[in-house]
>>> print(open('start_23.cif').read())   # mmCIF, N, CA and C atoms, pLDDT in the B column; chains and numbers go by the auth columns
data_data
#
loop_
_atom_site.group_PDB
_atom_site.id
_atom_site.type_symbol
_atom_site.label_atom_id
_atom_site.label_comp_id
_atom_site.label_asym_id
_atom_site.label_seq_id
_atom_site.Cartn_x
_atom_site.Cartn_y
_atom_site.Cartn_z
_atom_site.B_iso_or_equiv
_atom_site.auth_seq_id
_atom_site.auth_asym_id
ATOM 1 N N MET A 1 135.898 157.647 58.200 89.00 1 A
ATOM 2 C CA MET A 1 134.781 157.993 57.341 89.00 1 A
ATOM 3 C C MET A 1 134.462 156.787 56.462 89.00 1 A
ATOM 4 N N THR A 2 133.180 156.557 56.240 94.00 2 A
ATOM 5 C CA THR A 2 132.760 155.491 55.337 94.00 2 A
ATOM 6 C C THR A 2 132.295 156.107 54.022 94.00 2 A
ATOM 7 N N VAL A 3 132.844 155.588 52.933 97.00 3 A
ATOM 8 C CA VAL A 3 132.509 156.034 51.585 97.00 3 A
ATOM 9 C C VAL A 3 131.874 154.867 50.849 97.00 3 A
ATOM 10 N N ALA A 4 130.814 155.159 50.107 97.00 4 A
ATOM 11 C CA ALA A 4 130.170 154.145 49.272 97.00 4 A
ATOM 12 C C ALA A 4 130.372 154.504 47.810 97.00 4 A
ATOM 13 N N LEU A 5 130.755 153.512 47.022 97.00 5 A
ATOM 14 C CA LEU A 5 130.856 153.673 45.576 97.00 5 A
ATOM 15 C C LEU A 5 129.734 152.875 44.941 97.00 5 A
ATOM 16 N N MET A 6 129.003 153.521 44.040 98.00 6 A
ATOM 17 C CA MET A 6 127.922 152.847 43.327 98.00 6 A
ATOM 18 C C MET A 6 128.296 152.766 41.852 98.00 6 A
ATOM 19 N N TRP A 7 128.041 151.596 41.287 98.00 7 A
ATOM 20 C CA TRP A 7 128.338 151.299 39.879 98.00 7 A
ATOM 21 C C TRP A 7 127.061 150.728 39.293 98.00 7 A
ATOM 22 N N GLU A 8 126.538 151.328 38.222 98.00 8 A
ATOM 23 C CA GLU A 8 125.267 150.868 37.651 98.00 8 A
ATOM 24 C C GLU A 8 125.371 150.785 36.140 98.00 8 A
ATOM 25 N N ALA A 9 124.913 149.656 35.590 98.00 9 A
ATOM 26 C CA ALA A 9 124.941 149.459 34.146 98.00 9 A
ATOM 27 C C ALA A 9 123.616 148.865 33.692 98.00 9 A
ATOM 28 N N ARG A 10 123.281 149.129 32.443 98.00 10 A
ATOM 29 C CA ARG A 10 122.071 148.573 31.841 98.00 10 A
ATOM 30 C C ARG A 10 122.484 147.674 30.681 98.00 10 A
ATOM 31 N N ALA A 11 122.057 146.424 30.771 98.00 11 A
ATOM 32 C CA ALA A 11 122.425 145.442 29.752 98.00 11 A
ATOM 33 C C ALA A 11 121.593 145.623 28.495 98.00 11 A
ATOM 34 N N VAL A 12 122.126 145.132 27.404 97.00 12 A
ATOM 35 C CA VAL A 12 121.362 145.027 26.167 97.00 12 A
ATOM 36 C C VAL A 12 120.153 144.138 26.477 97.00 12 A
ATOM 37 N N ASP A 13 119.004 144.428 25.869 94.00 13 A
ATOM 38 C CA ASP A 13 117.787 143.656 26.134 94.00 13 A
ATOM 39 C C ASP A 13 118.057 142.157 26.106 94.00 13 A
ATOM 40 N N GLY A 14 117.608 141.489 27.160 93.00 14 A
ATOM 41 C CA GLY A 14 117.751 140.051 27.258 93.00 14 A
ATOM 42 C C GLY A 14 119.098 139.565 27.754 93.00 14 A
ATOM 43 N N ARG A 15 120.021 140.488 28.056 96.00 15 A
ATOM 44 C CA ARG A 15 121.372 140.086 28.491 96.00 15 A
ATOM 45 C C ARG A 15 121.644 140.436 29.943 96.00 15 A
ATOM 46 N N GLY A 16 120.572 140.689 30.703 96.00 16 A
ATOM 47 C CA GLY A 16 120.738 141.017 32.116 96.00 16 A
ATOM 48 C C GLY A 16 121.457 139.934 32.892 96.00 16 A
ATOM 49 N N ALA A 17 121.142 138.673 32.615 96.00 17 A
ATOM 50 C CA ALA A 17 121.809 137.568 33.314 96.00 17 A
ATOM 51 C C ALA A 17 123.300 137.526 32.966 96.00 17 A
ATOM 52 N N ASP A 18 123.623 137.828 31.717 97.00 18 A
ATOM 53 C CA ASP A 18 125.033 137.864 31.300 97.00 18 A
ATOM 54 C C ASP A 18 125.785 138.980 32.019 97.00 18 A
ATOM 55 N N LEU A 19 125.159 140.147 32.117 98.00 19 A
ATOM 56 C CA LEU A 19 125.796 141.271 32.809 98.00 19 A
ATOM 57 C C LEU A 19 125.972 140.945 34.289 98.00 19 A
ATOM 58 N N LEU A 20 124.959 140.359 34.898 97.00 20 A
ATOM 59 C CA LEU A 20 125.057 139.978 36.307 97.00 20 A
ATOM 60 C C LEU A 20 126.197 138.984 36.513 97.00 20 A
ATOM 61 N N ALA A 21 126.300 137.992 35.658 97.00 21 A
ATOM 62 C CA ALA A 21 127.390 137.013 35.765 97.00 21 A
ATOM 63 C C ALA A 21 128.748 137.689 35.590 97.00 21 A
ATOM 64 N N TRP A 22 128.846 138.618 34.635 98.00 22 A
ATOM 65 C CA TRP A 22 130.096 139.338 34.403 98.00 22 A
ATOM 66 C C TRP A 22 130.505 140.114 35.647 98.00 22 A
ATOM 67 N N VAL A 23 129.550 140.835 36.247 98.00 23 A
ATOM 68 C CA VAL A 23 129.836 141.634 37.452 98.00 23 A
ATOM 69 C C VAL A 23 130.326 140.738 38.582 98.00 23 A
ATOM 70 N N ARG A 24 129.681 139.611 38.773 97.00 24 A
ATOM 71 C CA ARG A 24 130.067 138.707 39.863 97.00 24 A
ATOM 72 C C ARG A 24 131.483 138.158 39.686 97.00 24 A
ATOM 73 N N GLN A 25 131.981 138.114 38.480 97.00 25 A
ATOM 74 C CA GLN A 25 133.329 137.609 38.220 97.00 25 A
ATOM 75 C C GLN A 25 134.406 138.674 38.436 97.00 25 A
ATOM 76 N N GLN A 26 134.012 139.924 38.524 97.00 26 A
ATOM 77 C CA GLN A 26 134.989 141.011 38.640 97.00 26 A
ATOM 78 C C GLN A 26 135.514 141.107 40.066 97.00 26 A
ATOM 79 N N GLU A 27 136.831 141.080 40.190 96.00 27 A
ATOM 80 C CA GLU A 27 137.466 141.249 41.491 96.00 27 A
ATOM 81 C C GLU A 27 138.097 142.630 41.563 96.00 27 A
ATOM 82 N N LEU A 28 138.096 143.176 42.745 97.00 28 A
ATOM 83 C CA LEU A 28 138.737 144.469 42.974 97.00 28 A
ATOM 84 C C LEU A 28 140.149 144.230 43.501 97.00 28 A
ATOM 85 N N SER A 29 141.024 145.196 43.330 96.00 29 A
ATOM 86 C CA SER A 29 142.409 145.044 43.776 96.00 29 A
ATOM 87 C C SER A 29 142.533 145.095 45.297 96.00 29 A
ATOM 88 N N ARG A 30 141.514 145.592 45.972 96.00 30 A
ATOM 89 C CA ARG A 30 141.435 145.598 47.440 96.00 30 A
ATOM 90 C C ARG A 30 140.045 145.126 47.833 96.00 30 A
ATOM 91 N N VAL A 31 139.916 144.608 49.035 96.00 31 A
ATOM 92 C CA VAL A 31 138.628 144.115 49.517 96.00 31 A
ATOM 93 C C VAL A 31 137.913 145.233 50.268 96.00 31 A
ATOM 94 N N PRO A 32 136.684 145.578 49.857 98.00 32 A
ATOM 95 C CA PRO A 32 135.936 146.626 50.560 98.00 32 A
ATOM 96 C C PRO A 32 135.388 146.114 51.886 98.00 32 A
ATOM 97 N N LEU A 33 134.898 147.033 52.715 97.00 33 A
ATOM 98 C CA LEU A 33 134.226 146.627 53.948 97.00 33 A
ATOM 99 C C LEU A 33 133.017 145.753 53.631 97.00 33 A
ATOM 100 N N ARG A 34 132.350 146.091 52.552 97.00 34 A
ATOM 101 C CA ARG A 34 131.139 145.384 52.142 97.00 34 A
ATOM 102 C C ARG A 34 130.954 145.587 50.643 97.00 34 A
ATOM 103 N N ARG A 35 130.386 144.587 49.992 98.00 35 A
ATOM 104 C CA ARG A 35 130.061 144.677 48.563 98.00 35 A
ATOM 105 C C ARG A 35 128.704 144.019 48.367 98.00 35 A
ATOM 106 N N GLU A 36 127.814 144.725 47.699 98.00 36 A
ATOM 107 C CA GLU A 36 126.473 144.208 47.459 98.00 36 A
ATOM 108 C C GLU A 36 126.134 144.376 45.982 98.00 36 A
ATOM 109 N N THR A 37 125.567 143.334 45.382 98.00 37 A
ATOM 110 C CA THR A 37 125.168 143.350 43.982 98.00 37 A
ATOM 111 C C THR A 37 123.653 143.223 43.910 98.00 37 A
ATOM 112 N N LEU A 38 123.034 144.110 43.133 98.00 38 A
ATOM 113 C CA LEU A 38 121.577 144.114 43.003 98.00 38 A
ATOM 114 C C LEU A 38 121.196 144.145 41.531 98.00 38 A
ATOM 115 N N ARG A 39 119.968 143.746 41.242 96.00 39 A
ATOM 116 C CA ARG A 39 119.463 143.850 39.871 96.00 39 A
ATOM 117 C C ARG A 39 118.078 144.472 39.917 96.00 39 A
ATOM 118 N N ALA A 40 117.658 145.009 38.774 95.00 40 A
ATOM 119 C CA ALA A 40 116.370 145.689 38.678 95.00 40 A
ATOM 120 C C ALA A 40 115.771 145.428 37.297 95.00 40 A
ATOM 121 N N PRO A 41 114.467 145.683 37.156 94.00 41 A
ATOM 122 C CA PRO A 41 113.847 145.546 35.838 94.00 41 A
ATOM 123 C C PRO A 41 114.610 146.386 34.804 94.00 41 A
ATOM 124 N N GLY A 42 114.479 145.994 33.572 93.00 42 A
ATOM 125 C CA GLY A 42 115.185 146.702 32.508 93.00 42 A
ATOM 126 C C GLY A 42 116.608 146.217 32.347 93.00 42 A
ATOM 127 N N ASP A 43 116.898 145.017 32.888 96.00 43 A
ATOM 128 C CA ASP A 43 118.236 144.428 32.766 96.00 43 A
ATOM 129 C C ASP A 43 119.324 145.339 33.322 96.00 43 A
ATOM 130 N N ARG A 44 119.031 145.971 34.475 97.00 44 A
ATOM 131 C CA ARG A 44 120.014 146.831 35.145 97.00 44 A
ATOM 132 C C ARG A 44 120.686 146.067 36.276 97.00 44 A
ATOM 133 N N VAL A 45 121.969 146.358 36.482 98.00 45 A
ATOM 134 C CA VAL A 45 122.747 145.766 37.563 98.00 45 A
ATOM 135 C C VAL A 45 123.424 146.898 38.328 98.00 45 A
ATOM 136 N N LEU A 46 123.381 146.804 39.652 98.00 46 A
ATOM 137 C CA LEU A 46 123.951 147.818 40.534 98.00 46 A
ATOM 138 C C LEU A 46 124.900 147.132 41.504 98.00 46 A
ATOM 139 N N VAL A 47 126.071 147.711 41.681 98.00 47 A
ATOM 140 C CA VAL A 47 127.029 147.223 42.674 98.00 47 A
ATOM 141 C C VAL A 47 127.364 148.392 43.588 98.00 47 A
ATOM 142 N N VAL A 48 127.276 148.136 44.898 98.00 48 A
ATOM 143 C CA VAL A 48 127.640 149.140 45.893 98.00 48 A
ATOM 144 C C VAL A 48 128.762 148.556 46.738 98.00 48 A
ATOM 145 N N THR A 49 129.835 149.313 46.886 98.00 49 A
ATOM 146 C CA THR A 49 130.930 148.909 47.769 98.00 49 A
ATOM 147 C C THR A 49 131.107 149.983 48.834 98.00 49 A
ATOM 148 N N TRP A 50 131.458 149.546 50.046 97.00 50 A
ATOM 149 C CA TRP A 50 131.680 150.457 51.164 97.00 50 A
ATOM 150 C C TRP A 50 133.147 150.367 51.570 97.00 50 A
ATOM 151 N N TRP A 51 133.728 151.531 51.865 97.00 51 A
ATOM 152 C CA TRP A 51 135.153 151.637 52.171 97.00 51 A
ATOM 153 C C TRP A 51 135.377 152.498 53.402 97.00 51 A
ATOM 154 N N ASP A 52 136.345 152.137 54.217 96.00 52 A
ATOM 155 C CA ASP A 52 136.795 152.979 55.322 96.00 52 A
ATOM 156 C C ASP A 52 137.901 153.849 54.749 96.00 52 A
ATOM 157 N N ALA A 53 137.505 155.014 54.234 96.00 53 A
ATOM 158 C CA ALA A 53 138.457 155.872 53.524 96.00 53 A
ATOM 159 C C ALA A 53 137.906 157.289 53.442 96.00 53 A
ATOM 160 N N PRO A 54 138.768 158.278 53.224 95.00 54 A
ATOM 161 C CA PRO A 54 138.288 159.638 52.985 95.00 54 A
ATOM 162 C C PRO A 54 137.500 159.692 51.685 95.00 54 A
ATOM 163 N N TYR A 55 136.648 160.686 51.551 95.00 55 A
ATOM 164 C CA TYR A 55 135.785 160.817 50.373 95.00 55 A
ATOM 165 C C TYR A 55 136.586 160.853 49.076 95.00 55 A
ATOM 166 N N ASP A 56 137.715 161.527 49.084 95.00 56 A
ATOM 167 C CA ASP A 56 138.483 161.696 47.854 95.00 56 A
ATOM 168 C C ASP A 56 139.594 160.654 47.683 95.00 56 A
ATOM 169 N N ALA A 57 139.553 159.584 48.471 96.00 57 A
ATOM 170 C CA ALA A 57 140.568 158.539 48.371 96.00 57 A
ATOM 171 C C ALA A 57 140.518 157.848 47.007 96.00 57 A
ATOM 172 N N GLU A 58 141.666 157.386 46.562 97.00 58 A
ATOM 173 C CA GLU A 58 141.713 156.594 45.339 97.00 58 A
ATOM 174 C C GLU A 58 141.300 155.170 45.697 97.00 58 A
ATOM 175 N N LEU A 59 140.178 154.737 45.146 97.00 59 A
ATOM 176 C CA LEU A 59 139.621 153.423 45.476 97.00 59 A
ATOM 177 C C LEU A 59 139.427 152.603 44.206 97.00 59 A
ATOM 178 N N PRO A 60 139.556 151.290 44.302 97.00 60 A
ATOM 179 C CA PRO A 60 139.343 150.458 43.115 97.00 60 A
ATOM 180 C C PRO A 60 137.876 150.450 42.715 97.00 60 A
ATOM 181 N N GLU A 61 137.630 150.461 41.423 95.00 61 A
ATOM 182 C CA GLU A 61 136.264 150.429 40.908 95.00 61 A
ATOM 183 C C GLU A 61 136.141 149.350 39.857 95.00 61 A
ATOM 184 N N LEU A 62 134.930 148.897 39.644 96.00 62 A
ATOM 185 C CA LEU A 62 134.674 147.926 38.588 96.00 62 A
ATOM 186 C C LEU A 62 134.896 148.585 37.233 96.00 62 A
ATOM 187 N N PRO A 63 135.386 147.832 36.269 95.00 63 A
ATOM 188 C CA PRO A 63 135.630 148.384 34.935 95.00 63 A
ATOM 189 C C PRO A 63 134.348 148.504 34.121 95.00 63 A
ATOM 190 N N GLU A 64 134.481 149.041 32.943 96.00 64 A
ATOM 191 C CA GLU A 64 133.384 149.065 31.975 96.00 64 A
ATOM 192 C C GLU A 64 133.251 147.674 31.363 96.00 64 A
ATOM 193 N N PRO A 65 132.040 147.156 31.229 97.00 65 A
ATOM 194 C CA PRO A 65 131.865 145.885 30.522 97.00 65 A
ATOM 195 C C PRO A 65 132.096 146.077 29.022 97.00 65 A
ATOM 196 N N GLU A 66 132.193 144.984 28.303 95.00 66 A
ATOM 197 C CA GLU A 66 132.321 145.058 26.852 95.00 66 A
ATOM 198 C C GLU A 66 131.121 145.793 26.273 95.00 66 A
ATOM 199 N N ALA A 67 131.335 146.572 25.248 95.00 67 A
ATOM 200 C CA ALA A 67 130.287 147.400 24.655 95.00 67 A
ATOM 201 C C ALA A 67 129.093 146.578 24.174 95.00 67 A
ATOM 202 N N GLU A 68 129.324 145.332 23.749 95.00 68 A
ATOM 203 C CA GLU A 68 128.227 144.496 23.246 95.00 68 A
ATOM 204 C C GLU A 68 127.277 144.049 24.357 95.00 68 A
ATOM 205 N N LEU A 69 127.687 144.222 25.620 97.00 69 A
ATOM 206 C CA LEU A 69 126.892 143.762 26.755 97.00 69 A
ATOM 207 C C LEU A 69 125.984 144.849 27.327 97.00 69 A
ATOM 208 N N VAL A 70 126.326 146.115 27.116 98.00 70 A
ATOM 209 C CA VAL A 70 125.581 147.213 27.739 98.00 70 A
ATOM 210 C C VAL A 70 125.027 148.187 26.704 98.00 70 A
ATOM 211 N N THR A 71 123.981 148.919 27.115 97.00 71 A
ATOM 212 C CA THR A 71 123.338 149.872 26.208 97.00 71 A
ATOM 213 C C THR A 71 123.942 151.269 26.286 97.00 71 A
ATOM 214 N N ARG A 72 124.733 151.525 27.336 95.00 72 A
ATOM 215 C CA ARG A 72 125.317 152.847 27.537 95.00 72 A
ATOM 216 C C ARG A 72 126.514 152.715 28.468 95.00 72 A
ATOM 217 N N ALA A 73 127.230 153.784 28.632 95.00 73 A
ATOM 218 C CA ALA A 73 128.358 153.777 29.567 95.00 73 A
ATOM 219 C C ALA A 73 127.860 153.559 30.992 95.00 73 A
ATOM 220 N N VAL A 74 128.703 152.978 31.805 97.00 74 A
ATOM 221 C CA VAL A 74 128.394 152.745 33.214 97.00 74 A
ATOM 222 C C VAL A 74 128.202 154.083 33.921 97.00 74 A
ATOM 223 N N HIS A 75 127.253 154.127 34.842 97.00 75 A
ATOM 224 C CA HIS A 75 127.075 155.299 35.704 97.00 75 A
ATOM 225 C C HIS A 75 127.763 154.994 37.028 97.00 75 A
ATOM 226 N N ARG A 76 128.457 155.980 37.551 97.00 76 A
ATOM 227 C CA ARG A 76 129.184 155.821 38.820 97.00 76 A
ATOM 228 C C ARG A 76 128.875 157.008 39.728 97.00 76 A
ATOM 229 N N TRP A 77 128.700 156.698 41.019 97.00 77 A
ATOM 230 C CA TRP A 77 128.479 157.734 42.016 97.00 77 A
ATOM 231 C C TRP A 77 129.299 157.409 43.246 97.00 77 A
ATOM 232 N N ARG A 78 129.658 158.445 43.984 97.00 78 A
ATOM 233 C CA ARG A 78 130.384 158.296 45.249 97.00 78 A
ATOM 234 C C ARG A 78 129.595 159.043 46.314 97.00 78 A
ATOM 235 N N PHE A 79 129.430 158.407 47.470 96.00 79 A
ATOM 236 C CA PHE A 79 128.696 158.996 48.587 96.00 79 A
ATOM 237 C C PHE A 79 129.491 158.841 49.864 96.00 79 A
ATOM 238 N N GLU A 80 129.256 159.729 50.818 93.00 80 A
ATOM 239 C CA GLU A 80 129.831 159.560 52.146 93.00 80 A
ATOM 240 C C GLU A 80 128.713 159.370 53.153 93.00 80 A
ATOM 241 N N ALA A 81 128.944 158.517 54.138 85.00 81 A
ATOM 242 C CA ALA A 81 127.946 158.260 55.182 85.00 81 A
ATOM 243 C C ALA A 81 127.807 159.503 56.057 85.00 81 A
ATOM 244 N N VAL A 82 126.563 159.847 56.400 88.00 82 A
ATOM 245 C CA VAL A 82 126.315 160.988 57.281 88.00 82 A
ATOM 246 C C VAL A 82 125.601 160.591 58.568 88.00 82 A
ATOM 247 N N ASP A 83 124.984 159.415 58.600 77.00 83 A
ATOM 248 C CA ASP A 83 124.294 158.898 59.786 77.00 83 A
ATOM 249 C C ASP A 83 124.616 157.425 59.952 77.00 83 A
ATOM 250 N N GLY A 84 124.558 156.932 61.173 63.00 84 A
ATOM 251 C CA GLY A 84 124.743 155.509 61.406 63.00 84 A
ATOM 252 C C GLY A 84 126.180 155.076 61.281 63.00 84 A
ATOM 253 N N ASP A 85 126.339 153.798 61.027 54.00 85 A
ATOM 254 C CA ASP A 85 127.688 153.213 60.954 54.00 85 A
ATOM 255 C C ASP A 85 128.327 153.454 59.626 54.00 85 A
#
>>> encode(input="start_23.cif", output="structure tokens")
Amino acid sequence: MTVALMWEARAVDGRGADLLAWVRQQELSRVPLRRETLRAPGDRVLVVTWWDAPYDAELPELPEPEAELVTRAVHRWRFEAVDGD
């Protein structure tokens, strides 16, 4: 089964580049099948990792950034693949 973990944070106004740089420096304790980092208007950063694991498996996740860097707590979601690879 393939599981995707999504991690999304919104930076303090004008600090989107700082948040993006912070995310890129974060290493996970295990290497996922795939890791993709995206950004969006509003200084938001999204990281999606894909894992060959059961839905309820214990998987490494990115931590919370320093409070001065973000406007709110990180949002996290877990999904399982239903079509395709």
>>> axis_aligned_box(input="start_23.cif", around="region 45-58 of chain A", padding_each_side="6 Å", output="JSON")
{"center_x": 131.8, "center_y": 153.7, "center_z": 45.9, "size_x": 31.7, "size_y": 27.9, "size_z": 30.8}
>>> residues_around(input="start_23.cif", residues="Trp7 (chain A)", least_positions_apart="6", cutoff="12 Å", atoms="only C-alpha atoms", output="mmCIF file with N, CA and C atoms, keeping the file's coordinate frame")
data_model
loop_
_atom_site.group_PDB
_atom_site.id
_atom_site.type_symbol
_atom_site.label_atom_id
_atom_site.label_comp_id
_atom_site.auth_asym_id
_atom_site.auth_seq_id
_atom_site.Cartn_x
_atom_site.Cartn_y
_atom_site.Cartn_z
ATOM 1 N N VAL A 23 129.550 140.835 36.247
ATOM 2 C CA VAL A 23 129.836 141.634 37.452
ATOM 3 C C VAL A 23 130.326 140.738 38.582
ATOM 4 N N ARG A 35 130.386 144.587 49.992
ATOM 5 C CA ARG A 35 130.061 144.677 48.563
ATOM 6 C C ARG A 35 128.704 144.019 48.367
ATOM 7 N N GLU A 36 127.814 144.725 47.699
ATOM 8 C CA GLU A 36 126.473 144.208 47.459
ATOM 9 C C GLU A 36 126.134 144.376 45.982
ATOM 10 N N THR A 37 125.567 143.334 45.382
ATOM 11 C CA THR A 37 125.168 143.350 43.982
ATOM 12 C C THR A 37 123.653 143.223 43.910
ATOM 13 N N LEU A 38 123.034 144.110 43.133
ATOM 14 C CA LEU A 38 121.577 144.114 43.003
ATOM 15 C C LEU A 38 121.196 144.145 41.531
ATOM 16 N N ARG A 39 119.968 143.746 41.242
ATOM 17 C CA ARG A 39 119.463 143.850 39.871
ATOM 18 C C ARG A 39 118.078 144.472 39.917
ATOM 19 N N ARG A 44 119.031 145.971 34.475
ATOM 20 C CA ARG A 44 120.014 146.831 35.145
ATOM 21 C C ARG A 44 120.686 146.067 36.276
ATOM 22 N N VAL A 45 121.969 146.358 36.482
ATOM 23 C CA VAL A 45 122.747 145.766 37.563
ATOM 24 C C VAL A 45 123.424 146.898 38.328
ATOM 25 N N LEU A 46 123.381 146.804 39.652
ATOM 26 C CA LEU A 46 123.951 147.818 40.534
ATOM 27 C C LEU A 46 124.900 147.132 41.504
ATOM 28 N N VAL A 47 126.071 147.711 41.681
ATOM 29 C CA VAL A 47 127.029 147.223 42.674
ATOM 30 C C VAL A 47 127.364 148.392 43.588
ATOM 31 N N VAL A 48 127.276 148.136 44.898
ATOM 32 C CA VAL A 48 127.640 149.140 45.893
ATOM 33 C C VAL A 48 128.762 148.556 46.738
ATOM 34 N N THR A 49 129.835 149.313 46.886
ATOM 35 C CA THR A 49 130.930 148.909 47.769
ATOM 36 C C THR A 49 131.107 149.983 48.834
ATOM 37 N N TRP A 50 131.458 149.546 50.046
ATOM 38 C CA TRP A 50 131.680 150.457 51.164
ATOM 39 C C TRP A 50 133.147 150.367 51.570
ATOM 40 N N PRO A 60 139.556 151.290 44.302
ATOM 41 C CA PRO A 60 139.343 150.458 43.115
ATOM 42 C C PRO A 60 137.876 150.450 42.715
ATOM 43 N N GLU A 61 137.630 150.461 41.423
ATOM 44 C CA GLU A 61 136.264 150.429 40.908
ATOM 45 C C GLU A 61 136.141 149.350 39.857
ATOM 46 N N LEU A 62 134.930 148.897 39.644
ATOM 47 C CA LEU A 62 134.674 147.926 38.588
ATOM 48 C C LEU A 62 134.896 148.585 37.233
ATOM 49 N N PRO A 63 135.386 147.832 36.269
ATOM 50 C CA PRO A 63 135.630 148.384 34.935
ATOM 51 C C PRO A 63 134.348 148.504 34.121
ATOM 52 N N GLU A 64 134.481 149.041 32.943
ATOM 53 C CA GLU A 64 133.384 149.065 31.975
ATOM 54 C C GLU A 64 133.251 147.674 31.363
ATOM 55 N N PRO A 65 132.040 147.156 31.229
ATOM 56 C CA PRO A 65 131.865 145.885 30.522
ATOM 57 C C PRO A 65 132.096 146.077 29.022
ATOM 58 N N ALA A 73 127.230 153.784 28.632
ATOM 59 C CA ALA A 73 128.358 153.777 29.567
ATOM 60 C C ALA A 73 127.860 153.559 30.992
ATOM 61 N N VAL A 74 128.703 152.978 31.805
ATOM 62 C CA VAL A 74 128.394 152.745 33.214
ATOM 63 C C VAL A 74 128.202 154.083 33.921
ATOM 64 N N HIS A 75 127.253 154.127 34.842
ATOM 65 C CA HIS A 75 127.075 155.299 35.704
ATOM 66 C C HIS A 75 127.763 154.994 37.028
ATOM 67 N N ARG A 76 128.457 155.980 37.551
ATOM 68 C CA ARG A 76 129.184 155.821 38.820
ATOM 69 C C ARG A 76 128.875 157.008 39.728
ATOM 70 N N TRP A 77 128.700 156.698 41.019
ATOM 71 C CA TRP A 77 128.479 157.734 42.016
ATOM 72 C C TRP A 77 129.299 157.409 43.246
ATOM 73 N N ARG A 78 129.658 158.445 43.984
ATOM 74 C CA ARG A 78 130.384 158.296 45.249
ATOM 75 C C ARG A 78 129.595 159.043 46.314
ATOM 76 N N PHE A 79 129.430 158.407 47.470
ATOM 77 C CA PHE A 79 128.696 158.996 48.587
ATOM 78 C C PHE A 79 129.491 158.841 49.864
#
>>> closest_residue(input="start_23.cif", among="A:Leu59, A:Arg15, A:Asp52, A:Trp22", to="Val3 (chain A)", atoms="all atoms listed in the file")
A:Asp52
>>> resolve_selection(input="start_23.cif", expression="the PyMOL selection byres ((chain A and resi 10) around 6.5)", output="list in words")
Glu8, Ala9, Ala11, Val12, Gly42, Asp43, Arg44, Val45, Leu69, Val70, Thr71, Arg72 and Val74 of chain A
>>> closest_residue(input="start_23.cif", among="A:Arg34, A:Ala67, A:Val82, A:Ala21", to="Leu5 (chain A)", atoms="only C-alpha atoms")
A:Arg34
>>> atom_distance(input="start_23.cif", atom1="atom N of Asp83 (chain A)", atom2="atom C of Trp51 (chain A)")
13.5 Å
>>> residues_near_point(input="start_23.cif", point="(138.9, 161.5, 53.6)", cutoff="5 Å", atoms="only N, CA and C atoms", output="PyMOL selection string")
chain A and resi 53-56
>>> atom_distance(input="start_23.cif", atom1="CA of Pro32 (chain A)", atom2="CA of Ala17 (chain A)")
24.1 Å
>>> atom_distance(input="start_23.cif", atom1="CA of Pro41 (chain A)", atom2="atom N of Ala81 (chain A)")
27.0 Å
>>> select_by_dssp(input="start_23.cif", residues="chain A", states="alpha helix (DSSP H)", output="tab-separated table (two decimals) with N, CA and C atoms, in the frame of the given file")
chain	number	residue	atom	x	y	z
A	16	GLY	N	120.57	140.69	30.70
A	16	GLY	CA	120.74	141.02	32.12
A	16	GLY	C	121.46	139.93	32.89
A	17	ALA	N	121.14	138.67	32.62
A	17	ALA	CA	121.81	137.57	33.31
A	17	ALA	C	123.30	137.53	32.97
A	18	ASP	N	123.62	137.83	31.72
A	18	ASP	CA	125.03	137.86	31.30
A	18	ASP	C	125.78	138.98	32.02
A	19	LEU	N	125.16	140.15	32.12
A	19	LEU	CA	125.80	141.27	32.81
A	19	LEU	C	125.97	140.94	34.29
A	20	LEU	N	124.96	140.36	34.90
A	20	LEU	CA	125.06	139.98	36.31
A	20	LEU	C	126.20	138.98	36.51
A	21	ALA	N	126.30	137.99	35.66
A	21	ALA	CA	127.39	137.01	35.76
A	21	ALA	C	128.75	137.69	35.59
A	22	TRP	N	128.85	138.62	34.64
A	22	TRP	CA	130.10	139.34	34.40
A	22	TRP	C	130.50	140.11	35.65
A	23	VAL	N	129.55	140.84	36.25
A	23	VAL	CA	129.84	141.63	37.45
A	23	VAL	C	130.33	140.74	38.58
A	24	ARG	N	129.68	139.61	38.77
A	24	ARG	CA	130.07	138.71	39.86
A	24	ARG	C	131.48	138.16	39.69
A	25	GLN	N	131.98	138.11	38.48
A	25	GLN	CA	133.33	137.61	38.22
A	25	GLN	C	134.41	138.67	38.44
>>> select_by_dssp(input="start_23.cif", residues="chain A", states="strand (DSSP E or B)", output="JSON, numbers by chain")
{"A": [2, 3, 4, 5, 6, 7, 8, 9, 10, 11, 34, 35, 36, 37, 38, 39, 40, 44, 45, 46, 47, 48, 49, 50, 51, 52, 70, 75, 76, 77, 78, 79, 80]}
